[in-house]
>>> print(open('start_37.cif').read())   # mmCIF, C-alpha atoms
data_work
loop_
_atom_site.label_atom_id
_atom_site.label_comp_id
_atom_site.auth_asym_id
_atom_site.auth_seq_id
_atom_site.Cartn_x
_atom_site.Cartn_y
_atom_site.Cartn_z
CA MET Y 1 11.16 -3.15 20.40
CA ASN Y 2 12.48 -1.93 23.68
CA ALA Y 3 10.97 0.62 25.99
CA GLN Y 4 13.34 3.31 24.80
CA ASN Y 5 11.42 3.57 21.52
CA HIS Y 6 8.22 4.48 23.25
CA ASP Y 7 9.03 6.75 26.07
CA HIS Y 8 8.47 9.66 23.71
CA ASP Y 9 10.51 12.05 25.73
CA HIS Y 10 12.59 12.42 22.58
CA GLN Y 11 15.75 12.84 24.56
CA THR Y 12 17.27 9.58 23.42
CA VAL Y 13 18.83 8.80 20.08
CA PRO Y 14 16.06 7.22 17.99
CA SER Y 15 16.56 3.59 17.11
CA ASP Y 16 16.71 2.39 13.54
CA PRO Y 17 13.39 3.35 11.96
CA THR Y 18 13.52 0.22 9.81
CA LEU Y 19 13.15 -1.93 12.91
CA ARG Y 20 10.49 0.27 14.47
CA VAL Y 21 8.45 0.25 11.28
CA LYS Y 22 8.77 -3.52 10.79
CA ALA Y 23 7.62 -4.14 14.34
CA LEU Y 24 4.70 -1.75 14.00
CA GLU Y 25 3.59 -3.21 10.67
CA SER Y 26 3.79 -6.72 12.05
CA LEU Y 27 1.74 -5.79 15.11
CA LEU Y 28 -0.89 -3.83 13.17
CA THR Y 29 -1.16 -6.65 10.62
CA GLU Y 30 -1.65 -9.20 13.38
CA LYS Y 31 -4.43 -7.04 14.77
CA GLY Y 32 -6.12 -6.50 11.41
CA TYR Y 33 -5.45 -2.76 11.13
CA VAL Y 34 -3.18 -3.03 8.14
CA ASP Y 35 -2.71 -5.59 5.40
CA PRO Y 36 0.69 -5.83 3.68
CA ALA Y 37 -1.05 -6.18 0.30
CA ALA Y 38 -2.97 -2.96 0.91
CA LEU Y 39 0.25 -1.20 1.86
CA ASP Y 40 1.91 -2.48 -1.31
CA ALA Y 41 -0.99 -1.12 -3.37
CA LEU Y 42 -0.80 2.30 -1.72
CA ILE Y 43 2.95 2.51 -2.27
CA ASP Y 44 2.64 1.35 -5.87
CA ARG Y 45 0.17 4.11 -6.58
CA PHE Y 46 2.79 6.79 -5.96
CA GLU Y 47 5.79 4.84 -7.18
CA THR Y 48 4.33 3.93 -10.56
CA LYS Y 49 0.93 5.52 -11.28
CA VAL Y 50 0.60 9.03 -9.87
CA GLY Y 51 3.43 11.50 -10.29
CA PRO Y 52 4.52 14.68 -12.05
CA ARG Y 53 3.97 13.10 -15.50
CA ASN Y 54 0.22 13.31 -14.90
CA GLY Y 55 0.46 17.02 -14.23
CA ALA Y 56 2.73 17.45 -17.24
CA LYS Y 57 0.05 15.98 -19.50
CA VAL Y 58 -2.49 18.44 -18.15
CA VAL Y 59 -0.15 21.39 -18.72
CA ALA Y 60 0.78 20.23 -22.22
CA ARG Y 61 -2.91 19.99 -23.11
CA ALA Y 62 -3.44 23.51 -21.75
CA TRP Y 63 -0.57 24.79 -23.92
CA ALA Y 64 -1.87 23.01 -27.01
CA ASP Y 65 -5.56 23.77 -26.56
CA PRO Y 66 -6.54 27.28 -25.40
CA ALA Y 67 -10.15 26.23 -24.80
CA PHE Y 68 -8.94 23.46 -22.49
CA LYS Y 69 -6.75 25.97 -20.68
CA GLN Y 70 -9.76 28.18 -20.04
CA ARG Y 71 -11.70 25.20 -18.66
CA LEU Y 72 -8.70 24.26 -16.52
CA LEU Y 73 -8.51 27.76 -15.06
CA ALA Y 74 -12.26 27.89 -14.47
CA ASP Y 75 -12.79 24.39 -13.03
CA ALA Y 76 -9.59 22.40 -12.71
CA PRO Y 77 -11.02 19.13 -11.32
CA ALA Y 78 -13.47 18.85 -14.23
CA ALA Y 79 -10.84 19.72 -16.84
CA ILE Y 80 -8.33 17.26 -15.37
CA ALA Y 81 -10.97 14.54 -15.38
CA GLU Y 82 -11.28 15.06 -19.16
CA LEU Y 83 -7.81 13.55 -19.46
CA GLY Y 84 -8.99 10.40 -17.75
CA PHE Y 85 -7.21 10.79 -14.45
CA ALA Y 86 -8.91 9.18 -11.47
CA PRO Y 87 -11.31 11.31 -9.48
CA PHE Y 88 -9.61 13.60 -7.05
CA GLU Y 89 -9.81 12.43 -3.53
CA HIS Y 90 -9.87 15.09 -0.88
CA GLU Y 91 -8.39 17.58 -3.27
CA GLN Y 92 -10.13 20.64 -4.58
CA ILE Y 93 -7.58 21.82 -7.07
CA VAL Y 94 -7.04 25.30 -8.54
CA ALA Y 95 -4.82 25.97 -11.57
CA LEU Y 96 -2.76 29.19 -11.67
CA GLU Y 97 -1.39 30.53 -14.94
CA ASN Y 98 2.10 31.99 -15.14
CA THR Y 99 2.56 34.74 -17.72
CA PRO Y 100 5.39 37.16 -18.56
CA ALA Y 101 3.81 39.58 -16.04
CA VAL Y 102 2.72 37.21 -13.25
CA HIS Y 103 4.64 34.42 -11.55
CA ASN Y 104 2.77 32.07 -9.20
CA MET Y 105 4.47 29.78 -6.71
CA VAL Y 106 3.02 27.36 -4.18
CA VAL Y 107 4.01 26.49 -0.62
CA CYS Y 108 2.56 24.95 2.52
CA THR Y 109 4.12 26.83 5.42
CA LEU Y 110 2.29 24.73 8.05
CA CYS Y 111 3.00 21.20 6.81
CA SER Y 112 3.28 19.59 3.38
CA CYS Y 113 0.01 20.22 1.49
CA TYR Y 114 0.61 19.63 -2.20
CA PRO Y 115 -1.51 18.42 -5.14
CA TRP Y 116 -0.70 14.77 -4.46
CA ALA Y 117 -3.43 13.38 -6.69
CA LEU Y 118 -1.99 15.19 -9.71
CA LEU Y 119 1.75 15.53 -9.00
CA GLY Y 120 2.40 12.63 -6.64
CA LEU Y 121 4.14 12.98 -3.29
CA PRO Y 122 6.00 16.24 -2.70
CA PRO Y 123 9.80 16.32 -2.95
CA VAL Y 124 11.83 16.69 0.22
CA TRP Y 125 12.76 20.32 -0.47
CA TYR Y 126 9.07 21.29 -0.63
CA LYS Y 127 8.51 19.81 2.85
CA SER Y 128 11.73 21.24 4.25
CA THR Y 129 12.03 24.06 6.77
CA PRO Y 130 14.08 26.35 4.48
CA TYR Y 131 11.41 26.37 1.76
CA ARG Y 132 8.43 26.51 4.11
CA SER Y 133 9.88 29.36 6.15
CA ARG Y 134 11.13 31.55 3.33
CA ALA Y 135 8.72 31.12 0.41
CA VAL Y 136 6.29 33.65 1.90
CA ILE Y 137 8.76 36.26 3.18
CA ASP Y 138 11.41 36.07 0.45
CA PRO Y 139 9.91 34.42 -2.64
CA ARG Y 140 12.33 36.12 -5.01
CA GLY Y 141 15.31 34.96 -2.96
CA VAL Y 142 13.94 31.43 -2.97
CA LEU Y 143 13.44 31.56 -6.74
CA ARG Y 144 17.02 32.82 -7.17
CA GLU Y 145 18.17 29.80 -5.18
CA PHE Y 146 16.37 27.66 -7.73
CA GLY Y 147 18.20 29.55 -10.48
CA LEU Y 148 15.27 31.75 -11.50
CA GLU Y 149 15.92 35.49 -11.46
CA LEU Y 150 12.69 37.41 -12.03
CA ASP Y 151 12.51 40.97 -13.27
CA GLU Y 152 11.34 43.47 -10.67
CA GLN Y 153 8.38 44.28 -12.88
CA VAL Y 154 7.06 40.73 -12.62
CA GLU Y 155 4.37 40.28 -9.96
CA VAL Y 156 5.09 37.31 -7.71
CA ARG Y 157 2.01 35.63 -6.24
CA VAL Y 158 2.66 33.13 -3.46
CA TRP Y 159 -0.07 30.64 -2.53
CA ASP Y 160 0.11 29.18 0.98
CA SER Y 161 -1.89 25.93 1.02
CA THR Y 162 -3.43 26.37 4.46
CA ALA Y 163 -6.66 24.43 3.81
CA GLU Y 164 -7.74 21.50 1.59
CA VAL Y 165 -7.49 23.47 -1.64
CA ARG Y 166 -4.50 22.45 -3.73
CA TYR Y 167 -2.72 24.65 -6.25
CA VAL Y 168 -0.93 23.70 -9.44
CA VAL Y 169 0.93 26.18 -11.63
CA ILE Y 170 0.61 26.21 -15.41
CA PRO Y 171 4.08 27.41 -16.37
CA GLU Y 172 4.68 29.56 -19.43
CA ARG Y 173 5.07 27.64 -22.64
CA PRO Y 174 8.72 27.94 -23.72
CA ALA Y 175 9.42 29.92 -26.89
CA GLY Y 176 10.17 28.02 -30.07
CA THR Y 177 7.90 25.08 -29.27
CA ASP Y 178 5.19 25.77 -31.86
CA SER Y 179 5.97 22.64 -33.88
CA LEU Y 180 6.02 20.23 -30.93
CA SER Y 181 3.35 17.60 -30.37
CA GLU Y 182 1.46 17.46 -27.09
CA ASP Y 183 3.59 14.51 -25.96
CA GLU Y 184 6.75 16.44 -26.77
CA LEU Y 185 5.42 19.47 -24.92
CA ALA Y 186 4.71 17.32 -21.86
CA GLU Y 187 8.41 16.39 -21.78
CA LEU Y 188 9.20 20.07 -21.12
CA VAL Y 189 6.92 20.32 -18.10
CA THR Y 190 8.91 19.67 -14.94
CA ARG Y 191 7.58 19.08 -11.46
CA ASP Y 192 9.32 22.21 -10.21
CA SER Y 193 7.67 24.32 -12.91
CA MET Y 194 4.25 23.14 -11.71
CA VAL Y 195 5.09 24.21 -8.16
CA GLY Y 196 6.25 27.55 -9.55
CA VAL Y 197 9.90 27.47 -8.55
CA ALA Y 198 11.19 27.04 -12.10
CA LYS Y 199 10.26 27.73 -15.70
CA ALA Y 200 9.24 24.87 -17.96
CA GLY Y 201 11.96 23.36 -20.10
CA GLY Y 202 14.56 23.02 -17.35
CA GLN Y 203 15.60 20.07 -15.22
CA ALA Y 204 13.58 18.24 -12.54
CA MET W 1 -0.88 26.22 18.45
CA ASN W 2 2.01 28.60 18.14
CA GLY W 3 4.37 25.76 17.28
CA VAL W 4 7.56 25.63 15.29
CA HIS W 5 5.59 24.02 12.45
CA ASP W 6 4.07 27.47 11.82
CA MET W 7 7.29 28.66 10.25
CA GLY W 8 6.23 31.05 7.49
CA GLY W 9 8.49 34.10 7.71
CA MET W 10 11.17 32.58 9.95
CA HIS W 11 14.82 33.13 9.19
CA GLY W 12 17.86 30.96 9.69
CA MET W 13 16.66 27.62 8.32
CA GLY W 14 19.49 27.46 5.80
CA PRO W 15 19.62 26.91 2.05
CA ILE W 16 17.12 24.80 0.16
CA GLN W 17 18.52 21.35 -0.63
CA HIS W 18 17.28 20.37 -4.07
CA GLU W 19 17.89 16.74 -5.02
CA LYS W 20 17.96 15.82 -8.69
CA ASN W 21 16.04 12.70 -9.74
CA GLU W 22 14.69 12.29 -6.27
CA PRO W 23 13.09 8.89 -5.55
CA VAL W 24 9.50 8.80 -4.28
CA PHE W 25 10.77 7.22 -1.06
CA HIS W 26 14.39 7.32 0.09
CA HIS W 27 14.10 4.17 2.23
CA GLU W 28 11.72 1.26 2.10
CA TRP W 29 10.49 2.05 5.62
CA GLU W 30 9.35 5.50 4.49
CA GLY W 31 6.96 3.90 2.00
CA ARG W 32 5.62 1.57 4.71
CA VAL W 33 5.09 4.53 7.06
CA TYR W 34 3.32 6.49 4.35
CA ALA W 35 1.09 3.52 3.49
CA MET W 36 0.28 2.58 7.09
CA ASN W 37 -0.71 6.17 7.82
CA THR W 38 -3.00 6.20 4.80
CA ALA W 39 -4.47 2.76 5.53
CA LEU W 40 -5.31 3.62 9.13
CA MET W 41 -7.36 6.61 7.95
CA ALA W 42 -9.85 4.03 6.64
CA PHE W 43 -11.02 3.39 10.22
CA HIS W 44 -12.25 7.00 10.50
CA LYS W 45 -11.07 7.37 14.07
CA TRP W 46 -9.37 10.70 13.49
CA THR W 47 -9.68 13.46 10.96
CA LEU W 48 -6.91 14.67 8.70
CA ASP W 49 -6.86 17.84 10.82
CA ALA W 50 -6.32 15.82 14.00
CA TRP W 51 -3.69 13.83 12.12
CA ARG W 52 -1.80 17.05 11.36
CA HIS W 53 -2.05 18.13 14.97
CA HIS W 54 -0.46 14.87 16.14
CA ILE W 55 2.61 15.92 14.17
CA GLU W 56 2.56 19.53 15.35
CA VAL W 57 2.80 18.47 19.01
CA ILE W 58 6.22 16.91 18.48
CA PRO W 59 8.52 19.05 20.67
CA PRO W 60 10.19 21.80 18.61
CA ALA W 61 13.77 20.54 18.79
CA ASP W 62 12.67 17.08 17.68
CA TYR W 63 10.37 18.48 15.01
CA LEU W 64 13.30 20.28 13.44
CA ARG W 65 15.69 17.35 13.79
CA MET W 66 13.44 14.56 12.52
CA SER W 67 13.01 13.75 8.85
CA TYR W 68 9.54 14.04 7.38
CA TYR W 69 8.63 10.37 7.70
CA GLU W 70 10.26 10.09 11.13
CA LYS W 71 7.66 12.64 12.23
CA TRP W 72 4.93 10.54 10.63
CA LEU W 73 6.23 7.44 12.41
CA ASP W 74 6.48 9.17 15.78
CA ALA W 75 2.92 10.50 15.48
CA MET W 76 1.61 7.12 14.29
CA GLU W 77 3.11 5.25 17.25
CA ARG W 78 1.41 7.65 19.64
CA ARG W 79 -1.84 7.66 17.68
CA VAL W 80 -2.38 3.90 17.53
CA ALA W 81 -1.96 3.72 21.31
CA GLN W 82 -4.06 6.81 22.00
CA TYR W 83 -6.99 5.52 19.95
CA GLY W 84 -6.79 2.03 21.39
CA PHE W 85 -5.67 0.18 18.27
CA VAL W 86 -2.86 -1.30 20.32
CA THR W 87 -2.01 -1.28 24.01
CA PRO W 88 1.21 0.28 25.25
CA GLU W 89 2.28 -3.23 26.18
CA GLU W 90 1.73 -4.48 22.64
CA LEU W 91 3.60 -1.54 21.20
CA GLN W 92 6.49 -2.37 23.47
CA ASN W 93 6.47 -6.08 22.69
CA GLY W 94 5.68 -5.79 18.98
CA LYS W 95 3.15 -8.62 19.38
CA ALA W 96 -0.58 -8.75 19.98
CA SER W 97 -1.43 -9.73 23.53
CA PRO W 98 -3.46 -12.95 23.85
CA GLY W 99 -7.18 -12.21 23.61
CA SER W 100 -6.72 -8.53 22.75
CA ALA W 101 -9.32 -6.83 20.55
CA LYS W 102 -8.70 -6.80 16.81
CA ALA W 103 -9.91 -4.53 14.03
CA THR W 104 -13.49 -5.26 12.95
CA PRO W 105 -13.67 -5.49 10.07
CA ALA W 106 -10.02 -6.02 9.28
CA LEU W 107 -8.55 -3.63 6.75
CA THR W 108 -8.87 -4.65 3.11
CA VAL W 109 -7.13 -3.32 0.01
CA ALA W 110 -10.43 -1.78 -1.09
CA MET W 111 -10.88 0.02 2.23
CA ALA W 112 -7.36 1.39 2.06
CA ARG W 113 -7.87 2.59 -1.49
CA ALA W 114 -11.25 4.18 -0.77
CA HIS W 115 -9.80 6.57 1.80
CA GLY W 116 -10.69 10.17 1.17
CA ARG W 117 -13.38 9.60 -1.43
CA ASN W 118 -16.97 10.70 -0.94
CA LEU W 119 -16.15 13.75 1.13
CA PRO W 120 -18.97 16.26 1.29
CA SER W 121 -19.18 18.68 -1.61
CA SER W 122 -17.93 22.22 -1.16
CA ASN W 123 -21.10 23.31 -2.97
CA ASP W 124 -23.68 23.69 -0.19
CA PRO W 125 -26.15 26.54 -0.73
CA SER W 126 -27.60 26.04 2.76
CA ILE W 127 -24.46 27.49 4.31
CA LYS W 128 -24.17 31.17 3.48
CA PRO W 129 -20.86 32.97 3.14
CA LEU W 130 -20.19 35.73 5.67
CA PHE W 131 -17.92 37.56 3.22
CA HIS W 132 -17.76 38.12 -0.51
CA ILE W 133 -15.18 38.57 -3.22
CA GLY W 134 -13.63 42.04 -3.23
CA GLN W 135 -14.24 42.64 0.48
CA ARG W 136 -11.41 43.90 2.70
CA VAL W 137 -10.97 41.59 5.67
CA ARG W 138 -8.66 41.29 8.63
CA ALA W 139 -7.38 37.95 9.83
CA ARG W 140 -8.30 37.76 13.50
CA ASN W 141 -5.59 37.95 16.10
CA ILE W 142 -6.18 34.56 17.68
CA ASN W 143 -3.66 32.32 19.42
CA PRO W 144 -5.41 29.01 20.08
CA ALA W 145 -3.39 26.37 21.90
CA GLY W 146 -4.90 23.66 19.68
CA HIS W 147 -4.75 23.09 15.95
CA THR W 148 -5.31 26.06 13.69
CA ARG W 149 -4.57 26.83 10.06
CA LEU W 150 -4.33 30.58 10.49
CA PRO W 151 -0.59 31.14 10.26
CA ARG W 152 0.96 33.60 12.70
CA TYR W 153 2.32 35.76 9.92
CA ALA W 154 -1.21 36.62 8.73
CA ARG W 155 -2.84 37.32 12.11
CA GLY W 156 -4.03 40.88 12.49
CA LYS W 157 -3.20 41.62 8.85
CA THR W 158 -5.59 43.03 6.29
CA GLY W 159 -6.21 41.57 2.88
CA GLU W 160 -8.81 41.15 0.18
CA ILE W 161 -11.04 38.18 -0.57
CA ILE W 162 -10.33 37.12 -4.13
CA ARG W 163 -12.03 33.73 -4.29
CA ASP W 164 -14.73 31.82 -2.43
CA HIS W 165 -13.76 28.12 -2.29
CA GLY W 166 -17.20 27.09 -1.06
CA VAL W 167 -17.97 25.20 2.11
CA HIS W 168 -15.26 23.26 3.94
CA ASP W 169 -14.79 21.53 7.27
CA PHE W 170 -13.30 23.96 9.76
CA ALA W 171 -9.85 22.65 10.63
CA ASP W 172 -9.72 23.92 14.22
CA THR W 173 -12.87 22.18 15.46
CA SER W 174 -12.38 19.18 13.21
CA ALA W 175 -8.96 18.56 14.77
CA ALA W 176 -10.29 19.01 18.29
CA GLY W 177 -13.12 16.47 17.89
CA LEU W 178 -15.71 19.25 18.03
CA GLY W 179 -17.19 18.51 14.63
CA PRO W 180 -16.66 19.92 11.16
CA ARG W 181 -18.56 23.24 11.67
CA ARG W 182 -18.64 23.60 7.92
CA GLN W 183 -18.29 27.16 6.65
CA HIS W 184 -17.00 29.11 3.70
CA LEU W 185 -13.32 29.13 2.90
CA TYR W 186 -11.75 31.98 0.93
CA SER W 187 -8.51 32.82 -0.74
CA VAL W 188 -7.38 36.05 0.91
CA ARG W 189 -4.75 38.15 -0.85
CA PHE W 190 -2.29 40.06 1.32
CA THR W 191 0.29 42.40 -0.10
CA ALA W 192 3.85 41.47 0.76
CA ARG W 193 4.20 44.94 2.32
CA GLU W 194 1.19 44.41 4.61
CA LEU W 195 2.79 41.22 5.90
CA TRP W 196 6.47 42.09 5.88
CA GLY W 197 6.79 45.86 5.79
CA GLU W 198 8.17 48.44 3.43
CA ALA W 199 11.26 46.45 2.48
CA ALA W 200 9.09 43.92 0.64
CA SER W 201 8.39 44.18 -3.06
CA PRO W 202 5.50 46.55 -3.83
CA ARG W 203 4.19 44.11 -6.42
CA ASP W 204 4.21 40.81 -4.61
CA THR W 205 1.25 39.19 -2.89
CA ILE W 206 0.71 36.21 -0.61
CA HIS W 207 -2.54 34.26 -0.70
CA VAL W 208 -3.79 32.36 2.32
CA ASP W 209 -6.88 30.12 2.46
CA LEU W 210 -8.94 31.26 5.44
CA TRP W 211 -12.33 30.26 6.87
CA ASP W 212 -15.15 32.58 7.98
CA ASP W 213 -14.20 32.07 11.63
CA TYR W 214 -10.72 33.47 11.01
CA LEU W 215 -11.94 36.72 9.47
CA GLU W 216 -13.49 40.04 10.39
CA LEU W 217 -14.37 43.06 8.26
CA ALA W 218 -11.47 45.44 7.89
#
>>> encode(input="start_37.cif", output="structure tokens")
Amino acid sequence: MNAQNHDHDHQTVPSDPTLRVKALESLLTEKGYVDPAALDALIDRFETKVGPRNGAKVVARAWADPAFKQRLLADAPAAIAELGFAPFEHEQIVALENTPAVHNMVVCTLCSCYPWALLGLPPVWYKSTPYRSRAVIDPRGVLREFGLELDEQVEVRVWDSTAEVRYVVIPERPAGTDSLSEDELAELVTRDSMVGVAKAGGQA
Amino acid sequence: MNGVHDMGGMHGMGPIQHEKNEPVFHHEWEGRVYAMNTALMAFHKWTLDAWRHHIEVIPPADYLRMSYYEKWLDAMERRVAQYGFVTPEELQNGKASPGSAKATPALTVAMARAHGRNLPSSNDPSIKPLFHIGQRVRARNINPAGHTRLPRYARGKTGEIIRDHGVHDFADTSAAGLGPRRQHLYSVRFTARELWGEAASPRDTIHVDLWDDYLELA
């Protein structure tokens, strides 16, 4: 690494992050602060174990089992634990139910707070300045940009994740899905629908 | 701090770029940055609130230009030097200086994985709430230069407490190294019209999680 990387006046063009990161990892490993195997394990957790599919299973159970849905709305961490997912780390999670009359959507205007333990790492758009700046002042415009046009009569509730409480949306169960199994229902639950920027049954 | 990170309500940031089938990490280095940031939390030298503040102090033009994990990397390089994990010289050379102090104990996989568990419960009857559900409250008009989680768009605005989340570390003092000053945290509901004026939908509401210290009776 050369001095340019560390002057932190941010006036210079940043060097290749790949090289900066390799150098930092090598140094921190040499000093005992990181361990490449530990880093691999942390990355693997979000690449293969924790992601939107976990949330989709919770939503599908809520659709299939009204008593579970009530428990989920009353005490989400306990209800989610029923499905065998690992204990939530620093996440106190609250489930919000979308209905024909009420549409919930979640944002973190200040950074990138998101229910990581249930949905995995947030997508880039969630962490981006356009979403963070506009979700609170123009939620209906944001939803239109996602292809969701809500009737004026629908109440939009935006949740800004300003503390350590995390919010997950239970989207409406799509019509005509009465005969589907819980696994088939889970296939309809998209990440975006659990953030509240889409209905279930669509893409992503 | 009244930084550019506090962007709720700003205009002009452009359209939302939605990527289909987005990978968890777009580059291998992003995963390493994510994992190193998480692993270093195991040494308990800074709180998550302080961690967030290290990102907020990136100068505004850079904050807006950098990608998400570039911001993490920038903050991490400053943080490991600031907290004495590495010397500026080591950071520059990319090698440990002979005889320099090392982590004791060295990080293990188990330590890295244990991060974040065993945080104090939000159920603490010894700390009484100052407000209750249904009460009308005003978010204080404060402008601290340090870390705060009271967004500018809510300051001075009146809302209603709709949920008591129990007892939580107070972000402002926790970030500043002044201790957790645990207190009740509430979900406060503001009407869109209270926040944004008469042009906003009469039906819509915005909910912000706010601590006792941010609130006063309306």
>>> resolve_selection(input="start_37.cif", expression="the PyMOL selection byres ((chain Y) within 7 of (chain W))", output="VMD selection string")
chain Y and resid 1 to 3 10 18 21 23 to 24 27 30 to 35 37 to 39 42 to 43 47 89 to 90 109 to 111 121 125 129 to 134 136 to 137 155 to 163 204
>>> write_last_selection(input="start_37.cif", atoms="C-alpha atoms", output="tab-separated table (two decimals), in the coordinates of the input")
chain	number	residue	atom	x	y	z
Y	1	MET	CA	11.16	-3.15	20.40
Y	2	ASN	CA	12.48	-1.93	23.68
Y	3	ALA	CA	10.97	0.62	25.99
Y	10	HIS	CA	12.59	12.42	22.58
Y	18	THR	CA	13.52	0.22	9.81
Y	21	VAL	CA	8.45	0.25	11.28
Y	23	ALA	CA	7.62	-4.14	14.34
Y	24	LEU	CA	4.70	-1.75	14.00
Y	27	LEU	CA	1.74	-5.79	15.11
Y	30	GLU	CA	-1.65	-9.20	13.38
Y	31	LYS	CA	-4.43	-7.04	14.77
Y	32	GLY	CA	-6.12	-6.50	11.41
Y	33	TYR	CA	-5.45	-2.76	11.13
Y	34	VAL	CA	-3.18	-3.03	8.14
Y	35	ASP	CA	-2.71	-5.59	5.40
Y	37	ALA	CA	-1.05	-6.18	0.30
Y	38	ALA	CA	-2.97	-2.96	0.91
Y	39	LEU	CA	0.25	-1.20	1.86
Y	42	LEU	CA	-0.80	2.30	-1.72
Y	43	ILE	CA	2.95	2.51	-2.27
Y	47	GLU	CA	5.79	4.84	-7.18
Y	89	GLU	CA	-9.81	12.43	-3.53
Y	90	HIS	CA	-9.87	15.09	-0.88
Y	109	THR	CA	4.12	26.83	5.42
Y	110	LEU	CA	2.29	24.73	8.05
Y	111	CYS	CA	3.00	21.20	6.81
Y	121	LEU	CA	4.14	12.98	-3.29
Y	125	TRP	CA	12.76	20.32	-0.47
Y	129	THR	CA	12.03	24.06	6.77
Y	130	PRO	CA	14.08	26.35	4.48
Y	131	TYR	CA	11.41	26.37	1.76
Y	132	ARG	CA	8.43	26.51	4.11
Y	133	SER	CA	9.88	29.36	6.15
Y	134	ARG	CA	11.13	31.55	3.33
Y	136	VAL	CA	6.29	33.65	1.90
Y	137	ILE	CA	8.76	36.26	3.18
Y	155	GLU	CA	4.37	40.28	-9.96
Y	156	VAL	CA	5.09	37.31	-7.71
Y	157	ARG	CA	2.01	35.63	-6.24
Y	158	VAL	CA	2.66	33.13	-3.46
Y	159	TRP	CA	-0.07	30.64	-2.53
Y	160	ASP	CA	0.11	29.18	0.98
Y	161	SER	CA	-1.89	25.93	1.02
Y	162	THR	CA	-3.43	26.37	4.46
Y	163	ALA	CA	-6.66	24.43	3.81
Y	204	ALA	CA	13.58	18.24	-12.54
>>> atom_distance(input="start_37.cif", atom1="atom CA of Asp124 of chain W", atom2="atom CA of Val137 of chain W")
22.7 Å
>>> atom_distance(input="start_37.cif", atom1="atom CA of Gly177 of chain W", atom2="atom CA of Asn143 of chain W")
18.5 Å
>>> resolve_selection(input="start_37.cif", expression="the PyMOL selection byres ((chain Y and resi 196) around 8)", output="list in words")
His103, Asn104, Met105, Val106, Val169, Pro171, Asp192, Ser193, Met194, Val195, Val197, Ala198 and Lys199 of chain Y
>>> write_last_selection(input="start_37.cif", atoms="C-alpha atoms", output="PDB file, keeping the file's coordinate frame")
ATOM      1  CA  HIS Y 103       4.640  34.420 -11.550  1.00  0.00           C
ATOM      2  CA  ASN Y 104       2.770  32.070  -9.200  1.00  0.00           C
ATOM      3  CA  MET Y 105       4.470  29.780  -6.710  1.00  0.00           C
ATOM      4  CA  VAL Y 106       3.020  27.360  -4.180  1.00  0.00           C
ATOM      5  CA  VAL Y 169       0.930  26.180 -11.630  1.00  0.00           C
ATOM      6  CA  PRO Y 171       4.080  27.410 -16.370  1.00  0.00           C
ATOM      7  CA  ASP Y 192       9.320  22.210 -10.210  1.00  0.00           C
ATOM      8  CA  SER Y 193       7.670  24.320 -12.910  1.00  0.00           C
ATOM      9  CA  MET Y 194       4.250  23.140 -11.710  1.00  0.00           C
ATOM     10  CA  VAL Y 195       5.090  24.210  -8.160  1.00  0.00           C
ATOM     11  CA  VAL Y 197       9.900  27.470  -8.550  1.00  0.00           C
ATOM     12  CA  ALA Y 198      11.190  27.040 -12.100  1.00  0.00           C
ATOM     13  CA  LYS Y 199      10.260  27.730 -15.700  1.00  0.00           C
TER      14      LYS Y 199
END
>>> resolve_selection(input="start_37.cif", expression="the PyMOL selection byres ((chain W and resi 147) around 7)", output="list in words")
Met1, His53, Ala145, Gly146, Thr148, Arg149, Asp172 and Ala175 of chain W
>>> axis_aligned_box(input="start_37.cif", around="segment 65-75 of chain Y", padding_each_side="5 Å", output="AutoDock Vina command-line options")
--center_x -9.2 --center_y 25.8 --center_z -19.8 --size_x 17.2 --size_y 14.7 --size_z 23.5
>>> decode(input="start_37.cif", residues="segment 104-120 of chain Y", atoms="C-alpha atoms", output="tab-separated table (two decimals), in the first residue's frame")
chain	number	residue	atom	x	y	z
Y	104	ASN	CA	-46.45	-1.30	5.33
Y	105	MET	CA	-43.00	-0.59	3.94
Y	106	VAL	CA	-39.62	-0.49	5.66
Y	107	VAL	CA	-36.62	1.82	5.24
Y	108	CYS	CA	-33.53	2.94	7.12
Y	109	THR	CA	-33.03	6.58	6.22
Y	110	LEU	CA	-29.86	6.90	8.34
Y	111	CYS	CA	-27.89	3.86	7.20
Y	112	SER	CA	-28.82	0.30	6.22
Y	113	CYS	CA	-30.71	-1.29	9.14
Y	114	TYR	CA	-32.57	-4.33	7.87
Y	115	PRO	CA	-33.64	-7.68	9.37
Y	116	TRP	CA	-30.35	-9.36	8.45
Y	117	ALA	CA	-30.87	-12.39	10.66
Y	118	LEU	CA	-34.09	-13.26	8.84
Y	119	LEU	CA	-33.67	-11.86	5.30
Y	120	GLY	CA	-29.90	-11.81	4.89
